[in-house]
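*Asks:* The structure is given below, and queries will be raised subsequently.
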Amino acid sequence: MSTDGKVDRRTLLRVALAAPAVAGLASCAKPVADKANPVASGAAKLDGGKPLEFFNFDGGYGKKWTELPLDLYRKAYPQADVKLTSGQQLQQQLQPRFIQGNPPDLIENVGLDGAALAGKKQLLDIGALLEMEAFDQPGVKVKDTLLPGVAEAGRYDGVKYEMPYVFGVGGIWYSQALLTKHGWEYPKTWPEMLALCAEIKKAGIAPWTYQGKFPGYLTNPLLMTAYKAAGPDLKKNLDNLQPNAWRDPALVQAAEGYQELAAKGYLLEGTQALSHTLSQNYWAQGKAVFIPCGGWLENELGDAVPKNFEMTMAPVPGWSASDKAPFETVTGGPGGALIVPAQAKNPQGGLELLRIIVSKQCMKNFAELTNSPVVTKGAVDDVKLTPAAASMQKAIAAAGTNMFSDFQFRIWYKKLLDNSDKATSALMNRELTPEEWSKQMQKYADETAKDPSIKKFSA
Amino acid sequence: MHHGKYRFVIGLLLIPLGLYAVFVVSPYLQAFPIAFTDWEGLSATYSYIGFDNFVRLFHDSVFWVALRHNLFLLLCLPTIIVTMSLFFSAILNYRGGVRGAKFYKVVYFFPSVLSIAIVGVLWQFVFEPRSGLLNGFLRAVGLDGLAKLWLGDGDTALGSVMAVVVWGSVGFYVVLFTAAMAAIPKELYEAALLDGAGSVQAFFRLTLPLIWPTVQVAIAFLVIGALDQFALIKVLSIGPGGPDDATQVISLYMYTNAFTYGKFGYASAIGVTLFALNMILTILTFRLTRRERVVY
């Protein structure tokens with residue numbers, strides 16, 4: 001990202017008069033060919049001699065886990081030239097390849113807009129994979145080896161485009177050891193949370209912190225608290241961009257509740273300007289008691305977590321005893337997205353590698369290497385779990401069917417997601433009142449609903 | 001003989017000019033037709049939609065916020081940077097150069113040799129509200145009340161970014177202006193001294209008019225720079241461009257539209273608009289700062 005800026009600046013100095021603005025687009029000139037989109041279909045035959053390229057997102061889960069599935073593919077198709085490419089900036093690295101029409105055959109997608117790709121028919125319909133035989137369980141279909149909800153996830157307009165590989169859950173994290181030491185108990189409603197915060201503050205610890213530079217981390221809990229108070233219709237209305245969905249009293253109430261954190265001084269000082277790494281490290285040092293995050297927190301912190309910390313995740317508090325959705329409700333479920341581009345040179349090979357990746361042995365290998373729950377049944381049965389992973393498994397079990405992946409508008413409408421982050425930061429900086437926040441969000445949602453250039457989905 | 005020389009020159013220039021045409025000029029030009037399409041940047045299909053992108057841009061509140069910030073930077077940055085640079089260079093050149101002037105020039109120039117990305121990352125640490133240098137210093141000298149969220153607060157974010165730009169630019173212009181001042185013949189100052197001019201008078205009546213062409217170029221550079229500021233804001237600010245668009249600028253909004261929202265057509269329209277603004281402002285700058293050239 002920073003290199004883009006540097007090029008901008010140099011070009012600017014050299015050309016002096018020319019507009020630095022347009023230089024940003026230099027790397028992505030207009031496509032010349034107007035190729036017809038290949039029909040996405042899983043029915044074609046696999047040619048084992050064709051070369052295969054897998055693009056791995058070398059981020060939180062690294063690339064070590066890819067070795068086993070790639071070796072298995074090489075063993076099954078010895079003539080194939082199998083290549084692994086890795087990177088972290090998928091947008092910059094892969095966008096030109098999509099435009100030129102030579103994307104990799106399988107992509108671990110973090111960064112490309114999946115909804116836009118699906119909308120533009122750039123992805124292969126991988127529904128056929130679900131009906132294939134599982135790689136290491138003869139006679140069993142792939143769909144029957146997966147945990148509930150995995151086959152349904154990653155669909156756009158009902159078509160299966162994305163294959164999740166991890167099974168994640170998000171919530172509020174704390175150190176059970178710290179809570180036990182002070183005799184505190186994790187609260188089930190937000191008013192109780194605020195009462196506990198007052199007590200924690202008296203003890204000289206900051207009750208809360210969050211990843212201030214990326215306010216989206218806090219938007220999710222705020223929405224969850226409102227969801228528990230108002231029930232599932234709230235989510236449906238928000239996701240379908242219904243008029244006045246954001247004006248729901250439960251949302252205003254939750255916004256008030258979360259703004260109290262800032263208003264009453266319950267946030268770790270400086271929180272609003274902290275990056276995710278800094279805030280999470282301060283939290284691990286015990287400077288703050290609660291932090292919202294997804295299941296990757298333990299991996300991300302690595303050695304920064306002290307011994308006997310008893311890292312624990314719990315569902316977001318609801319509002320009151322008369323809530324319409326249970327406290328155990330969590331956002332979670334299948335996560336991550338493996339995609340096969342429709343224009344790939346060897347899409348059947350990509351699909352085959354995907355079949356290998358979701359096999360029990362490969363998923364077990366993944367869980368052991370990354371300490372993360374996975375999508376295949378029984379894969380983690382004999383993997384020893386850390387306290388953090390165990391607390392997540394417990395939350396998943398307690399939630400049962402009260403689980404959904406996320407508020408869909410956050411996945412479908414990138415700009416609305418960005419705008420909700422902006423509004424959250426303004427709310428937490430007390431530049432917006434909860435009432436203004438709700439109006440502002442409604443305005444953003446209406447803008448998205450009215451924008452004909454944004455493809456709409458519905459829940 | 002001459003014929004051969006031209007062939008040689010053309011031969012040398014062909015490759016660099018060709019590369020320049022392919023990698024710089026042609027993308028610039030292509031942005032213009034793209035601005036009239038709905039291209040989303042993910043496939044090879046697009047259609048022309050006339051002036052729709054520009055109409056939407058006109059009604060886009062974020063664009064106006066970004067434009068306002070750019071105009072604010074446009075007024076502040078050249079004024080502050082040129083004034084400070086002139087002040088420092090005048091002091092360094094006082095009576096033919098103060099002791100250690102060379103040393104100070106090198107120190108002033110330090111920020112200019114750092115890549116903008118590094119500057120951004122360094123200042124992130126300075127502004128960090130809990131253990132950052134700035135708040136740490138304020139607390140150490142007992143000014144706890146002045147410790148702020150800096151980049152995290154909408155009221156101070158843009159000012160904080162501006163301070164970094166000033167810190168990073170002043171040194172370059174100090175060196176530029178001192179060089180220009182050193183070229184002024186000593187006799188002129190001696191004559192002014194005999195006529196009874198003080199040092200302040202000598203600066204405004206003599207030094208400034210004589211180095212005016214250099215100042216003019218500096219202002220033009222800074223005006224163009226104020227319209228950009230993409231790199232620093234991308235690295236330094238929250239969001240980036242935040243909190244809540246408090247540091248949003250046109251170039252960053254263009255980038256976000258292209259690479260985050262997948263709206264290359266719209267982003268190109270922003271780019272074309274920015275290009276037009278740049279042209280107008282650069283021409284204006286040269287017109288407004290034009291003075292009689294003094295020959296000595």
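Naming scheme: A, B, ... for chains in displayed order of the structure tokens; residues 1 onward per chain; ligands 1 onward as shown.
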Could you pull out the helix (DSSP H, G or I) residues of range 22-268 of chain B, going by DSSP on the backbone, and write them as a ChimeraX atom specification?
*Replies:* /B:22-34,52-58,61-92,94-96,101-113,116-127,133-140,144-146,150-152,157-182,186-194,199-210,212-226,230-236,250-259,264-268
*Asks:* Could you list the residues in chain B lying within 6 Å of chain A, using only C-alpha atoms, and format the result as a list of chain:residue names?
*Replies:*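 Matching residues, ligands excluded from the count: B:Pro27, B:Tyr28, B:Leu42, B:Ser43, B:Ala44, B:Thr45, B:Ala117, B:Pro129, B:Arg130, B:Leu149, B:Gly152, B:Ala231, B:Ile238, B:Asp244, B:Ser251, B:Gly271, B:Phe275.
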*Asks:* What lies within 8 Å of Phe63 in chain B using only C-alpha atoms, ignoring chain neighbours under 4 positions off, as a list in words?
*Replies:*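 Selected residues are Leu57, Phe58, Leu67, Ile250 and Tyr253 of chain B.
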*Asks:* For CA of Arg290 in chain B and CA of Phe87 in chain B, determine how far apart the two atoms are, in Å to one decimal place.
*Replies:* 21.6 Å
*Asks:* I'd like to know which of A:Leu223, A:Cys197, A:Tyr266, A:Asn299 is closest to Asp248 in chain A, using only C-alpha atoms.
*Replies:*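 Under the stated criterion, the closest residue is A:Leu223.
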*Asks:* Excluding same-chain residues fewer than 4 positions from range 374-377 of chain A, what lies within 7 Å of it counting only C-alpha atoms, as a list in words?
*Replies:*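 Result of the neighbour search: Thr145, Leu146, Leu147, Val150, Tyr165, Val166, Phe167, Pro334, Val358, Lys360, Met363 and Ala367 of chain A.
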*Asks:* Export C-alpha atoms of the chosen residues as an mmCIF file, in the first residue's frame?
*Replies:*
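Result file selection-v1.cif:
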```cif
data_model
loop_
_atom_site.group_PDB
_atom_site.id
_atom_site.type_symbol
_atom_site.label_atom_id
_atom_site.label_comp_id
_atom_site.auth_asym_id
_atom_site.auth_seq_id
_atom_site.Cartn_x
_atom_site.Cartn_y
_atom_site.Cartn_z
ATOM 1 C CA THR A 145 -18.840 -35.077 6.102
ATOM 2 C CA LEU A 146 -19.353 -31.378 6.849
ATOM 3 C CA LEU A 147 -20.648 -29.726 10.016
ATOM 4 C CA VAL A 150 -21.250 -25.487 5.969
ATOM 5 C CA TYR A 165 -12.780 -24.192 5.849
ATOM 6 C CA VAL A 166 -12.702 -22.937 9.443
ATOM 7 C CA PHE A 167 -15.501 -22.952 11.971
ATOM 8 C CA PRO A 334 -18.312 -21.649 8.809
ATOM 9 C CA VAL A 358 -11.882 -30.471 3.107
ATOM 10 C CA LYS A 360 -10.811 -35.265 7.285
ATOM 11 C CA MET A 363 -8.675 -30.568 8.075
ATOM 12 C CA ALA A 367 -6.589 -27.674 13.104
#
```
*Asks:* Interatomic distance between CA of Glu310 in chain A and CA of Ala177 in chain A?
*Replies:*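 Separation between CA of Glu310 in chain A and CA of Ala177 in chain A: 5.7 Å.
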*Asks:* Just the residues within 9 Å of Gly62 in chain A, please, counting only C-alpha atoms, with nothing from its chain fewer than 5 positions along; format it as number ranges by chain.
*Replies:* A: 56-57, 370
*Asks:* Residues near Ala101 in chain B, anyone? I mean within 12 Å using only C-alpha atoms, not counting same-chain ones fewer than 5 positions away, as a list in words.
*Replies:*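 So, after excluding close chain neighbours, the residues are Phe88, Ser89, Ala90, Ile91, Leu92, Asn93, Tyr94, Arg95, Gly96, Val106, Val107, Tyr108, Val174, Val175, Thr178 and Ala179 of chain B.
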*Asks:* Can those selected residues be exported to a file as an mmCIF file, in the first residue's frame so that it contains C-alpha atoms?
*Replies:*
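out.cif, written as the output of this step:
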```cif
data_model
loop_
_atom_site.group_PDB
_atom_site.id
_atom_site.type_symbol
_atom_site.label_atom_id
_atom_site.label_comp_id
_atom_site.auth_asym_id
_atom_site.auth_seq_id
_atom_site.Cartn_x
_atom_site.Cartn_y
_atom_site.Cartn_z
ATOM 1 C CA PHE B 88 14.665 29.496 8.976
ATOM 2 C CA SER B 89 16.671 30.227 5.819
ATOM 3 C CA ALA B 90 16.805 33.932 6.622
ATOM 4 C CA ILE B 91 18.193 33.099 10.054
ATOM 5 C CA LEU B 92 20.711 30.640 8.633
ATOM 6 C CA ASN B 93 21.841 33.278 6.119
ATOM 7 C CA TYR B 94 21.889 36.119 8.645
ATOM 8 C CA ARG B 95 24.993 38.266 8.053
ATOM 9 C CA GLY B 96 26.351 35.862 5.476
ATOM 10 C CA VAL B 106 21.632 18.845 7.141
ATOM 11 C CA VAL B 107 19.434 18.351 10.200
ATOM 12 C CA TYR B 108 16.532 20.186 8.592
ATOM 13 C CA VAL B 174 14.991 25.615 3.755
ATOM 14 C CA VAL B 175 17.754 24.099 1.638
ATOM 15 C CA THR B 178 19.184 29.172 1.454
ATOM 16 C CA ALA B 179 20.749 28.172 -1.860
#
```
*Asks:* May I ask which of the residues A:Leu338, A:Leu261, A:Leu178, A:Val330 is the closest one to Gln285 in chain A, counting only C-alpha atoms?
*Replies:*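 Under the stated criterion, the closest residue is A:Leu178.
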*Asks:* Report, in Å with one decimal, the straight-line distance from CA of Ala197 in chain B to CA of Met84 in chain B.
*Replies:* 22.9 Å
*Asks:* At a cut-off of 12 Å, using only C-alpha atoms, what residues contact Thr289 in chain B? Leave out same-chain residues fewer than 6 positions from it and give the result as a PyMOL selection string.
*Replies:* chain B and resi 209+212-220+281-283
*Asks:* For the contact check between range 291-346 of chain A and range 126-139 of chain A, emit one row per residue of range 291-346 of chain A within 10 Å, containing the shortest atom pair and the distance in Å rounded to one decimal, counting only C-alpha atoms, chain then rising number order, as a Markdown table.
*Replies:*
```
| residue | atom | partner | partner_atom | distance |
| --- | --- | --- | --- | --- |
| A:Ile339 | CA | A:Ile126 | CA | 8.3 |
| A:Val340 | CA | A:Ile126 | CA | 7.6 |
| A:Ala342 | CA | A:Ile126 | CA | 10.0 |
```
